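Chemist: Could you have a look at this structure, given as structure tokens, before my questions?
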Amino acid sequence: MKKNLSLGKNIFLLFSVKMSGFLLPLVTLPYLARVLGAEEFGRVAVAQSMALVLSVLIEYGFSLSATRDAARYRHEPEKMASLVCRVHGAKIFLSVVALLAATASLKFVGGISGVAFATGAWIYALVIGISPIWYYQGIERVKLFSMLDITGKAISVILIILLVQAEDASWVLFLQAAGPAATAAVSIFWLYRSVEFKIPRFSHVLSGLREGASMFVFRAAISLYTLANVFVLGIFVGPIQVAYFAGAEKLARGAASMIGPVSQAVYPRVARLVFEDRPAAIRLVQKTMAGMFLGAIAVSILVYVFSSEITMLVFGPAYGPVAEMMRGMIWIVPLIATGNVLGIQWMLALKMDKEFNFAVIAAGLVNLMVAALLSREWGAKGMVVACVLSEAMVVILILRALLRKKALPLIMKTSS
């Protein structure tokens, strides 16, 4: 009973973090859309997409690989200190690589973004990527981090509303980074009050990169058909079409992000139960699947029916095309829910990293090709089609891999 209460508490806390990440930007989204106008809003969206892609590089999949290890070493101080050292050493190195990548990106979208946007994107990516949420998830103590995260996001929202005017588009990402930067600093400080500080050496960096490599491949592949879509679209079309697509994608993926808290809280528990009590792990995954899928379908139907009203409320009359795109994009939510439970929570817990990475990489590469082709022909609407197809492909490949291994939890026996 105590374990179930702890899991429920972690889900609630992480859900609060995700909800704040969804609701607080909904305060700034209408403000920025109206104050900046579609063209400047499109430029900001491209820079935000760049930032999220770079944050994947810095984070390097440690939210999965290091969380799994932190759950295992939570009662072994020396091993935990070594893990933290390796992760932070790798992230410092990757932050430099991300800076070089941000500089190189100007060659492709310099006309849309520019130096100020690229610099803001790197700083925003840095503060997201260095977050030690993986540690707090692993030891199943997320209360402090949750409170800090919500406070940091609220600070950024207040700064944007108070300071951003029509000519200040290039400052948006710097202000978005301000709150998360404070959150990261405080949460790292509290981490080192419990874990011995060790200065990372080059050998630690290499070890961290090796240990997180498989999960980074997964994260990077996912970014090819999630975080990078706005950036890719910006290469082929102008900022106004980018703004329309970005609006629809932000709302659809914002709804899908509500899946995250359940996944973050359940994943460490499933990873442990797989080895301690396999039937209990299967039951937990089955219950999670039922709840997340039904919730996702309900949300998708509501957004589809009220897409015009939502668009008018959030963006205003100048963004009418967003509603049509949202009616297509919203069906990624149940697809993401299915892939999340069967892929992240189950396949990774079973250490089926190779099969899961194949599904994600294949979908990511197909998305890039289809997105480039359809964006040239149909603009933003083509990108919507590419997004839905890539999410569906992930689910199909995951189901195929689990069925071949006879490991599909939905049809497995749960008796001890």
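Quick note on naming: the chains in the structure tokens go A, B, ... in the order shown, residues restart at 1 in each chain, and ligands are numbered from 1 in order of appearance.
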Each residue of region 317-408 of chain A lying at most 9 Å from region 215-238 of chain A should get a row with its shortest atom-to-atom pair and the distance in Å to one decimal, counting only C-alpha atoms; could you produce that, ordered by chain and increasing number, as CSV?

Modeler:
```
residue,atom,partner,partner_atom,distance
A:Asp353,CA,A:Met215,CA,7.7
A:Phe356,CA,A:Phe218,CA,7.7
A:Asn357,CA,A:Phe218,CA,5.2
A:Phe358,CA,A:Phe218,CA,8.4
A:Val360,CA,A:Ala221,CA,5.7
A:Ile361,CA,A:Ala221,CA,4.8
A:Ala362,CA,A:Ala221,CA,8.1
A:Ala363,CA,A:Tyr225,CA,7.4
A:Gly364,CA,A:Leu224,CA,4.9
A:Leu365,CA,A:Leu224,CA,7.1
A:Val366,CA,A:Tyr225,CA,8.7
A:Asn367,CA,A:Tyr225,CA,5.7
A:Leu368,CA,A:Leu224,CA,6.7
A:Ala371,CA,A:Leu233,CA,7.9
A:Ala372,CA,A:Val232,CA,7.5
A:Ser375,CA,A:Leu233,CA,6.6
A:Arg376,CA,A:Phe236,CA,6.3
A:Gly379,CA,A:Val237,CA,6.5
A:Ala380,CA,A:Leu233,CA,7.2
A:Met383,CA,A:Leu233,CA,7.3
A:Ala386,CA,A:Tyr225,CA,8.3
A:Cys387,CA,A:Tyr225,CA,6.4
A:Ser390,CA,A:Tyr225,CA,6.7
A:Glu391,CA,A:Tyr225,CA,7.9
```

Chemist: Would you write out those residues with C-alpha atoms, as a PDB file, in the first residue's frame?

Modeler:
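Just written: result12.pdb:
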```pdb
ATOM      1  CA  ASP A 353      16.730  -1.058 -26.330  1.00  0.00           C
ATOM      2  CA  PHE A 356      12.863   0.097 -29.585  1.00  0.00           C
ATOM      3  CA  ASN A 357      15.623   2.201 -31.122  1.00  0.00           C
ATOM      4  CA  PHE A 358      15.022   0.539 -34.476  1.00  0.00           C
ATOM      5  CA  VAL A 360      12.087   5.090 -33.432  1.00  0.00           C
ATOM      6  CA  ILE A 361      15.011   5.565 -35.835  1.00  0.00           C
ATOM      7  CA  ALA A 362      13.070   4.089 -38.756  1.00  0.00           C
ATOM      8  CA  ALA A 363      10.109   6.370 -38.045  1.00  0.00           C
ATOM      9  CA  GLY A 364      12.389   9.380 -37.640  1.00  0.00           C
ATOM     10  CA  LEU A 365      14.167   8.835 -40.945  1.00  0.00           C
ATOM     11  CA  VAL A 366      10.914   8.201 -42.794  1.00  0.00           C
ATOM     12  CA  ASN A 367       9.472  11.350 -41.227  1.00  0.00           C
ATOM     13  CA  LEU A 368      12.383  13.448 -42.474  1.00  0.00           C
ATOM     14  CA  ALA A 371       8.187  15.793 -44.312  1.00  0.00           C
ATOM     15  CA  ALA A 372      10.648  17.289 -46.790  1.00  0.00           C
ATOM     16  CA  SER A 375       6.340  20.315 -47.131  1.00  0.00           C
ATOM     17  CA  ARG A 376       7.579  21.268 -50.570  1.00  0.00           C
ATOM     18  CA  GLY A 379       3.504  23.392 -47.043  1.00  0.00           C
ATOM     19  CA  ALA A 380       2.404  23.202 -43.415  1.00  0.00           C
ATOM     20  CA  MET A 383       3.993  18.428 -42.313  1.00  0.00           C
ATOM     21  CA  ALA A 386       4.063  13.472 -41.994  1.00  0.00           C
ATOM     22  CA  CYS A 387       3.710  13.821 -38.196  1.00  0.00           C
ATOM     23  CA  SER A 390       5.516   8.805 -38.303  1.00  0.00           C
ATOM     24  CA  GLU A 391       3.767   8.343 -34.936  1.00  0.00           C
TER      25      GLU A 391
END
```

Chemist: Can you tell me which residues surround Val305 (chain A) at a distance of at most 12 Å, considering only C-alpha atoms, apart from same-chain residues fewer than 3 positions away, and format the answer as a list of chain:residue names?

Modeler: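 Listed by chain and then number, they are A:Ala298, A:Val299, A:Ser300, A:Ile301, A:Leu302, A:Ser308, A:Glu309, A:Ile310, A:Thr311, A:Ala323, A:Glu324, A:Met326, A:Arg327, A:Gly328, A:Ile330.
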
Chemist: With distances taken over only C-alpha atoms, which of A:Leu64, A:Ala255, A:Ile128, A:Ile133 is nearest to Gly343 (chain A)?

Modeler: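 Checking each candidate against Gly343 (chain A), we get A:Leu64 as the closest.
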
Chemist: In terms of the shortest atom-to-atom distance over only C-alpha atoms, which of A:Leu374, A:Leu350, A:Ile297, A:Leu175 is closest to Leu389 (chain A)?

Modeler: A:Leu374

Chemist: Work out how far CA of Gly89 (chain A) is from CA of Gly208 (chain A), in Å to one decimal.

Modeler: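 The value is 7.3 Å.
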